[in-house]
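Listing of entry13.txt, compact mmCIF, N, CA and C atoms and all ligand atoms
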# COMPACT_ATOMS: atom_id res chain seq x y z
N MET A 1103 56.61 -29.20 37.30
CA MET A 1103 57.18 -30.49 36.91
C MET A 1103 58.67 -30.50 37.24
N PRO A 1104 59.11 -31.48 37.95
CA PRO A 1104 60.53 -31.50 38.33
C PRO A 1104 61.43 -31.58 37.11
N ARG A 1105 62.64 -30.98 37.24
CA ARG A 1105 63.58 -30.94 36.12
C ARG A 1105 64.13 -32.33 35.79
N ASN A 1106 64.11 -33.19 36.78
CA ASN A 1106 64.69 -34.50 36.52
C ASN A 1106 63.69 -35.49 35.92
N TRP A 1107 62.52 -35.03 35.52
CA TRP A 1107 61.58 -35.92 34.85
C TRP A 1107 62.10 -36.24 33.46
N PRO A 1108 61.66 -37.37 32.91
CA PRO A 1108 62.16 -37.75 31.58
C PRO A 1108 61.82 -36.69 30.53
N ALA A 1109 62.67 -36.61 29.53
CA ALA A 1109 62.49 -35.63 28.46
C ALA A 1109 61.14 -35.81 27.77
N SER A 1110 60.64 -37.04 27.66
CA SER A 1110 59.36 -37.28 26.97
C SER A 1110 58.21 -36.59 27.70
N CYS A 1111 58.30 -36.55 29.07
CA CYS A 1111 57.26 -35.86 29.84
C CYS A 1111 57.30 -34.35 29.60
N ARG A 1112 58.55 -33.80 29.59
CA ARG A 1112 58.67 -32.35 29.36
C ARG A 1112 58.16 -31.99 27.97
N SER A 1113 58.46 -32.83 27.00
CA SER A 1113 58.02 -32.59 25.63
C SER A 1113 56.49 -32.63 25.55
N ARG A 1114 55.90 -33.64 26.23
CA ARG A 1114 54.44 -33.77 26.23
C ARG A 1114 53.80 -32.53 26.87
N ARG A 1115 54.42 -32.04 27.94
CA ARG A 1115 53.89 -30.86 28.63
C ARG A 1115 53.93 -29.64 27.69
N ARG A 1116 55.06 -29.47 26.99
CA ARG A 1116 55.19 -28.35 26.05
C ARG A 1116 54.12 -28.44 24.96
N SER A 1117 53.89 -29.68 24.49
CA SER A 1117 52.89 -29.89 23.45
C SER A 1117 51.49 -29.49 23.94
N LEU A 1118 51.16 -29.89 25.17
CA LEU A 1118 49.85 -29.53 25.73
C LEU A 1118 49.71 -28.02 25.88
N LEU A 1119 50.82 -27.39 26.33
CA LEU A 1119 50.79 -25.93 26.50
C LEU A 1119 50.58 -25.24 25.15
N ARG A 1120 51.27 -25.75 24.12
CA ARG A 1120 51.11 -25.15 22.78
C ARG A 1120 49.67 -25.28 22.31
N ARG A 1121 49.10 -26.49 22.54
CA ARG A 1121 47.70 -26.69 22.11
C ARG A 1121 46.74 -25.76 22.86
N ALA A 1122 46.98 -25.60 24.15
CA ALA A 1122 46.11 -24.72 24.95
C ALA A 1122 46.23 -23.28 24.44
N ALA A 1123 47.46 -22.87 24.14
CA ALA A 1123 47.66 -21.50 23.63
C ALA A 1123 46.97 -21.32 22.28
N ALA A 1124 47.06 -22.36 21.43
CA ALA A 1124 46.42 -22.27 20.12
C ALA A 1124 44.90 -22.19 20.27
N ALA A 1125 44.35 -23.00 21.19
CA ALA A 1125 42.90 -22.99 21.40
C ALA A 1125 42.46 -21.61 21.91
N LEU A 1126 43.26 -21.05 22.82
CA LEU A 1126 42.93 -19.73 23.36
C LEU A 1126 42.97 -18.68 22.25
N ALA A 1127 44.00 -18.73 21.41
CA ALA A 1127 44.12 -17.76 20.31
C ALA A 1127 42.94 -17.90 19.36
N LEU A 1128 42.56 -19.12 19.05
CA LEU A 1128 41.42 -19.36 18.16
C LEU A 1128 40.14 -18.80 18.78
N GLY A 1129 39.99 -19.02 20.09
CA GLY A 1129 38.80 -18.51 20.78
C GLY A 1129 38.71 -17.01 20.70
N VAL A 1130 39.87 -16.34 20.86
CA VAL A 1130 39.90 -14.88 20.78
C VAL A 1130 39.54 -14.43 19.37
N LEU A 1131 40.07 -15.18 18.37
CA LEU A 1131 39.78 -14.80 16.98
C LEU A 1131 38.31 -14.98 16.65
N LEU A 1132 37.70 -16.04 17.15
CA LEU A 1132 36.30 -16.34 16.81
C LEU A 1132 35.30 -15.55 17.62
N TRP A 1133 35.74 -15.00 18.75
CA TRP A 1133 34.81 -14.30 19.62
C TRP A 1133 34.46 -12.95 19.02
N THR A 1134 33.20 -12.70 18.86
CA THR A 1134 32.76 -11.37 18.44
C THR A 1134 31.71 -10.91 19.44
N PRO A 1135 31.86 -9.68 19.87
CA PRO A 1135 30.89 -9.20 20.85
C PRO A 1135 29.49 -9.17 20.25
N THR A 1136 28.52 -9.59 21.00
CA THR A 1136 27.13 -9.56 20.56
C THR A 1136 26.54 -8.20 20.93
N PRO A 1137 26.00 -7.48 19.94
CA PRO A 1137 25.41 -6.19 20.30
C PRO A 1137 24.23 -6.40 21.23
N PRO A 1138 24.02 -5.48 22.15
CA PRO A 1138 22.88 -5.64 23.05
C PRO A 1138 21.57 -5.63 22.27
N ALA A 1139 20.70 -6.56 22.60
CA ALA A 1139 19.41 -6.64 21.90
C ALA A 1139 18.57 -5.41 22.24
N VAL A 1140 18.01 -4.79 21.22
CA VAL A 1140 17.14 -3.64 21.44
C VAL A 1140 15.71 -4.13 21.28
N ALA A 1141 14.95 -3.98 22.33
CA ALA A 1141 13.56 -4.43 22.28
C ALA A 1141 12.78 -3.54 21.33
N ALA A 1142 11.94 -4.17 20.52
CA ALA A 1142 11.10 -3.39 19.60
C ALA A 1142 10.14 -2.53 20.42
N GLU A 1143 9.93 -1.34 19.93
CA GLU A 1143 9.04 -0.42 20.64
C GLU A 1143 7.75 -0.23 19.87
N ARG A 1144 6.73 0.20 20.58
CA ARG A 1144 5.50 0.62 19.93
C ARG A 1144 5.40 2.14 20.10
N LEU A 1145 5.39 2.82 18.98
CA LEU A 1145 5.34 4.28 18.99
C LEU A 1145 3.95 4.70 18.53
N GLN A 1146 3.43 5.74 19.13
CA GLN A 1146 2.07 6.16 18.79
C GLN A 1146 2.10 7.54 18.13
N VAL A 1147 1.41 7.62 17.02
CA VAL A 1147 1.23 8.90 16.34
C VAL A 1147 -0.27 9.18 16.33
N VAL A 1148 -0.65 10.26 16.97
CA VAL A 1148 -2.06 10.64 17.03
C VAL A 1148 -2.35 11.62 15.89
N ILE A 1149 -3.47 11.41 15.23
CA ILE A 1149 -3.90 12.32 14.18
C ILE A 1149 -5.13 13.06 14.67
N SER A 1150 -5.02 14.38 14.69
CA SER A 1150 -6.18 15.21 15.00
C SER A 1150 -5.99 16.55 14.34
N ASP A 1151 -7.10 17.21 14.06
CA ASP A 1151 -7.05 18.52 13.38
C ASP A 1151 -6.20 18.46 12.11
N LEU A 1152 -6.35 17.38 11.36
CA LEU A 1152 -5.64 17.21 10.08
C LEU A 1152 -4.12 17.32 10.24
N THR A 1153 -3.62 16.79 11.35
CA THR A 1153 -2.18 16.85 11.64
C THR A 1153 -1.71 15.54 12.27
N PHE A 1154 -0.53 15.07 11.83
CA PHE A 1154 0.14 13.96 12.52
C PHE A 1154 0.87 14.55 13.73
N HIS A 1155 0.49 14.15 14.93
CA HIS A 1155 1.10 14.70 16.14
C HIS A 1155 2.13 13.74 16.73
N ASP A 1156 3.15 14.33 17.38
CA ASP A 1156 4.16 13.56 18.11
C ASP A 1156 4.83 12.50 17.24
N VAL A 1157 5.13 12.88 16.01
CA VAL A 1157 5.85 11.94 15.13
C VAL A 1157 7.28 11.82 15.67
N PRO A 1158 7.71 10.61 16.00
CA PRO A 1158 9.07 10.46 16.52
C PRO A 1158 10.10 10.80 15.42
N ALA A 1159 11.16 11.49 15.79
CA ALA A 1159 12.20 11.83 14.82
C ALA A 1159 12.88 10.57 14.31
N THR A 1160 13.07 9.60 15.22
CA THR A 1160 13.72 8.35 14.83
C THR A 1160 12.94 7.17 15.38
N ALA A 1161 13.14 6.03 14.73
CA ALA A 1161 12.59 4.75 15.19
C ALA A 1161 13.59 3.70 14.73
N HIS A 1162 13.32 2.46 15.02
CA HIS A 1162 14.22 1.38 14.63
C HIS A 1162 13.45 0.33 13.84
N VAL A 1163 14.17 -0.34 12.95
CA VAL A 1163 13.58 -1.48 12.25
C VAL A 1163 13.05 -2.45 13.31
N GLY A 1164 11.84 -2.90 13.11
CA GLY A 1164 11.20 -3.81 14.08
C GLY A 1164 10.19 -3.10 14.96
N ASP A 1165 10.32 -1.77 15.08
CA ASP A 1165 9.35 -1.02 15.88
C ASP A 1165 7.99 -1.01 15.16
N THR A 1166 6.95 -0.77 15.94
CA THR A 1166 5.61 -0.65 15.39
C THR A 1166 5.11 0.77 15.62
N ILE A 1167 4.56 1.36 14.59
CA ILE A 1167 3.90 2.65 14.76
C ILE A 1167 2.41 2.40 14.81
N GLU A 1168 1.78 2.89 15.85
CA GLU A 1168 0.33 2.82 15.93
C GLU A 1168 -0.20 4.20 15.57
N TRP A 1169 -0.99 4.23 14.52
CA TRP A 1169 -1.58 5.48 14.05
C TRP A 1169 -2.98 5.56 14.65
N VAL A 1170 -3.26 6.61 15.40
CA VAL A 1170 -4.56 6.76 16.06
C VAL A 1170 -5.27 7.97 15.47
N ASN A 1171 -6.33 7.69 14.75
CA ASN A 1171 -7.06 8.78 14.09
C ASN A 1171 -8.18 9.28 15.00
N LYS A 1172 -7.98 10.46 15.57
CA LYS A 1172 -8.99 11.04 16.47
C LYS A 1172 -9.85 12.08 15.75
N ASP A 1173 -9.62 12.21 14.45
CA ASP A 1173 -10.41 13.17 13.69
C ASP A 1173 -11.78 12.57 13.34
N ILE A 1174 -12.67 13.45 12.84
CA ILE A 1174 -13.97 12.97 12.35
C ILE A 1174 -13.90 12.65 10.86
N LEU A 1175 -12.69 12.76 10.29
CA LEU A 1175 -12.46 12.44 8.88
C LEU A 1175 -11.59 11.19 8.77
N ASP A 1176 -11.72 10.50 7.65
CA ASP A 1176 -10.82 9.38 7.37
C ASP A 1176 -9.47 9.91 6.90
N HIS A 1177 -8.40 9.17 7.23
CA HIS A 1177 -7.07 9.54 6.78
C HIS A 1177 -6.33 8.29 6.33
N THR A 1178 -5.12 8.52 5.83
CA THR A 1178 -4.20 7.41 5.59
C THR A 1178 -2.84 7.84 6.12
N ALA A 1179 -2.01 6.86 6.39
CA ALA A 1179 -0.59 7.10 6.63
C ALA A 1179 0.10 6.36 5.50
N THR A 1180 0.59 7.14 4.54
CA THR A 1180 1.10 6.56 3.30
C THR A 1180 2.55 6.98 3.09
N ALA A 1181 3.44 6.00 3.02
CA ALA A 1181 4.86 6.30 2.81
C ALA A 1181 5.09 6.68 1.36
N ARG A 1182 5.87 7.73 1.14
CA ARG A 1182 6.17 8.14 -0.23
C ARG A 1182 7.01 7.10 -0.97
N ASN A 1183 7.76 6.27 -0.21
CA ASN A 1183 8.56 5.24 -0.86
C ASN A 1183 7.79 3.92 -1.01
N GLY A 1184 6.50 3.94 -0.67
CA GLY A 1184 5.68 2.75 -0.85
C GLY A 1184 5.82 1.69 0.22
N SER A 1185 6.59 1.96 1.26
CA SER A 1185 6.85 0.90 2.26
C SER A 1185 5.64 0.64 3.17
N PHE A 1186 4.72 1.59 3.27
CA PHE A 1186 3.47 1.32 4.00
C PHE A 1186 2.37 2.23 3.51
N ASP A 1187 1.15 1.77 3.69
CA ASP A 1187 -0.04 2.56 3.32
C ASP A 1187 -1.17 2.06 4.20
N VAL A 1188 -1.47 2.81 5.25
CA VAL A 1188 -2.46 2.37 6.23
C VAL A 1188 -3.70 3.24 6.11
N ARG A 1189 -4.83 2.61 5.89
CA ARG A 1189 -6.10 3.34 5.83
C ARG A 1189 -6.62 3.51 7.26
N LEU A 1190 -7.01 4.73 7.60
CA LEU A 1190 -7.40 5.04 8.98
C LEU A 1190 -8.77 5.70 9.00
N PRO A 1191 -9.83 4.89 9.06
CA PRO A 1191 -11.17 5.48 9.17
C PRO A 1191 -11.25 6.36 10.43
N HIS A 1192 -12.15 7.31 10.41
CA HIS A 1192 -12.27 8.22 11.56
C HIS A 1192 -12.53 7.44 12.85
N GLY A 1193 -11.82 7.84 13.89
CA GLY A 1193 -11.99 7.20 15.19
C GLY A 1193 -11.31 5.84 15.31
N LYS A 1194 -10.59 5.40 14.28
CA LYS A 1194 -9.95 4.08 14.32
C LYS A 1194 -8.44 4.23 14.36
N SER A 1195 -7.78 3.11 14.58
CA SER A 1195 -6.32 3.13 14.54
C SER A 1195 -5.81 2.00 13.66
N GLY A 1196 -4.56 2.10 13.30
CA GLY A 1196 -3.92 1.08 12.46
C GLY A 1196 -2.45 1.01 12.83
N ARG A 1197 -1.80 -0.03 12.33
CA ARG A 1197 -0.40 -0.24 12.71
C ARG A 1197 0.49 -0.45 11.50
N THR A 1198 1.72 -0.04 11.67
CA THR A 1198 2.77 -0.28 10.68
C THR A 1198 3.98 -0.85 11.41
N VAL A 1199 4.47 -1.99 10.97
CA VAL A 1199 5.74 -2.51 11.48
C VAL A 1199 6.84 -2.03 10.54
N LEU A 1200 7.85 -1.38 11.11
CA LEU A 1200 8.93 -0.82 10.29
C LEU A 1200 9.91 -1.93 9.92
N THR A 1201 10.10 -2.12 8.62
CA THR A 1201 10.91 -3.26 8.16
C THR A 1201 12.19 -2.84 7.44
N HIS A 1202 12.30 -1.55 7.07
CA HIS A 1202 13.49 -1.12 6.34
C HIS A 1202 14.05 0.16 6.95
N ALA A 1203 15.37 0.23 6.98
CA ALA A 1203 16.02 1.44 7.51
C ALA A 1203 16.02 2.54 6.45
N GLY A 1204 16.06 3.77 6.93
CA GLY A 1204 16.13 4.92 6.04
C GLY A 1204 15.09 5.96 6.41
N LYS A 1205 15.27 7.15 5.86
CA LYS A 1205 14.29 8.21 6.12
C LYS A 1205 13.05 7.95 5.29
N VAL A 1206 11.89 8.02 5.94
CA VAL A 1206 10.63 7.79 5.23
C VAL A 1206 9.73 9.00 5.42
N ALA A 1207 9.41 9.64 4.31
CA ALA A 1207 8.42 10.72 4.35
C ALA A 1207 7.05 10.09 4.12
N PHE A 1208 6.06 10.58 4.83
CA PHE A 1208 4.72 10.03 4.65
C PHE A 1208 3.69 11.15 4.61
N TYR A 1209 2.51 10.83 4.15
CA TYR A 1209 1.46 11.83 4.01
C TYR A 1209 0.11 11.13 4.07
N CYS A 1210 -0.95 11.91 4.00
CA CYS A 1210 -2.30 11.36 3.92
C CYS A 1210 -2.77 11.50 2.46
N ARG A 1211 -3.22 10.39 1.89
CA ARG A 1211 -3.66 10.43 0.48
C ARG A 1211 -4.88 11.33 0.29
N PHE A 1212 -5.71 11.47 1.33
CA PHE A 1212 -6.92 12.30 1.20
C PHE A 1212 -6.63 13.77 1.45
N HIS A 1213 -5.59 14.03 2.21
CA HIS A 1213 -5.23 15.42 2.57
C HIS A 1213 -3.72 15.55 2.45
N PRO A 1214 -3.23 15.76 1.21
CA PRO A 1214 -1.78 15.71 0.96
C PRO A 1214 -0.96 16.74 1.74
N ASN A 1215 -1.63 17.74 2.34
CA ASN A 1215 -0.88 18.68 3.17
C ASN A 1215 -0.49 18.08 4.52
N MET A 1216 -1.11 16.96 4.85
CA MET A 1216 -0.73 16.26 6.09
C MET A 1216 0.52 15.44 5.79
N THR A 1217 1.63 15.81 6.43
CA THR A 1217 2.90 15.13 6.14
C THR A 1217 3.68 14.87 7.42
N GLY A 1218 4.64 14.01 7.30
CA GLY A 1218 5.57 13.73 8.40
C GLY A 1218 6.76 12.97 7.87
N GLU A 1219 7.76 12.79 8.72
CA GLU A 1219 8.96 12.05 8.32
C GLU A 1219 9.54 11.36 9.54
N ILE A 1220 9.98 10.14 9.32
CA ILE A 1220 10.65 9.37 10.39
C ILE A 1220 11.95 8.83 9.84
N ASP A 1221 13.01 8.95 10.63
CA ASP A 1221 14.29 8.35 10.26
C ASP A 1221 14.36 6.99 10.93
N ILE A 1222 14.27 5.94 10.13
CA ILE A 1222 14.25 4.58 10.66
C ILE A 1222 15.69 4.05 10.69
N LEU A 1223 16.16 3.77 11.88
CA LEU A 1223 17.53 3.30 12.07
C LEU A 1223 17.56 1.78 12.07
N PRO A 1224 18.69 1.19 11.66
CA PRO A 1224 18.76 -0.27 11.60
C PRO A 1224 18.55 -0.92 12.97
CU CU B 1 -6.21 12.82 5.84

Would you write the structure of this file as structure tokens?
Amino acid sequence: MPRNWPASCRSRRRSLLRRAAAALALGVLLWTPTPPAVAAERLQVVISDLTFHDVPATAHVGDTIEWVNKDILDHTATARNGSFDVRLPHGKSGRTVLTHAGKVAFYCRFHPNMTGEIDILP
């Protein structure tokens, strides 16, 4: 803008610049990075020989555990904190959707020596 423009124009320009700076500052303040979306996974735990096999050390809220009972006996996958209790007739499978974070110990109600633990992350 030329220096010889009327003072009202220079003032208007300064005002617009101030508003643009304020809008930019507000945008920076309001902007929060969005965490990358983690796709829910399906994890499989096979039961055979009265044992939970390949129990994942960790999982995430929203993941599904598929319990596959390959034994000739019925089992359950029962959380000690009550968050799930899946009945697993012999040769059948069942599913649990993980809804709460935290370490969950689980066992079979029919064979209490069958145990496992998963750390469920948020
Ligand atoms: Cu059992």

Box along x, y and z, 4 Å on every side, all listed atoms of region 1219-1222 of chain A inside: centre and edge lengths in Å to one decimal, as JSON.
{"center_x": 11.7, "center_y": 8.4, "center_z": 9.6, "size_x": 15.9, "size_y": 16.7, "size_z": 10.6}

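Distance-wise, CA of Ile1174 (chain A) and CA of Phe1154 (chain A) end up 14.1 Å apart.
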
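Residues within 6 Å of region 1187-1195 of chain A, counting all atoms listed in the file and excluding same-chain residues fewer than 2 positions away, are A:Trp1169, A:Val1170, A:Asn1171, A:Lys1172, A:Asp1173, A:Ile1174, A:Leu1175, A:Asp1176, A:His1177, A:Thr1178, A:Ala1179, A:Thr1180, A:Ala1181, A:Gly1184, A:Ser1185, A:Arg1197.
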
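The two atoms in question, atom N of Glu1143 (chain A) and atom N of Leu1223 (chain A), are spaced 11.4 Å apart.
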
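The nearest approach to ligand CU 1 (chain B) among the residues A:Asn1215, A:Thr1166, A:Gln1146, A:Thr1160, with only N, CA and C atoms and all ligand atoms taken into account, belongs to A:Asn1215.
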
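Note that atom C of Ala1142 (chain A) and atom N of Glu1219 (chain A) are 19.4 Å apart.
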
Every residue with an atom at most 9 Å from (5.5, 13.5, -2.9) (file coordinates; only C-alpha atoms) is what I'm after, so could you write them as a PyMOL selection string? chain A and resi 1182+1207-1209+1214

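Taking all atoms listed in the file into account, ligand CU 1 (chain B) lies nearest to A:Phe1212 out of the set A:Asn1183, A:Phe1212, A:Ala1159, A:Glu1168.
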
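Considering only C-alpha atoms, the residue among A:Gly1204, A:Ile1167, A:Ile1222, A:His1162 positioned nearest to Leu1145 (chain A) is A:Ile1167.
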
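Restricting the calculation to only C-alpha atoms and all ligand atoms, the smallest distance between ligand CU 1 (chain B) and any of A:Ser1150, A:Leu1200, A:Phe1186, A:Val1157 is found for A:Ser1150.
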
Just checking: using only N, CA and C atoms and all ligand atoms, which residue out of A:Ile1220, A:Ala1161, A:Leu1152, A:Val1206 ends up closest to ligand CU 1 (chain B)? A:Leu1152
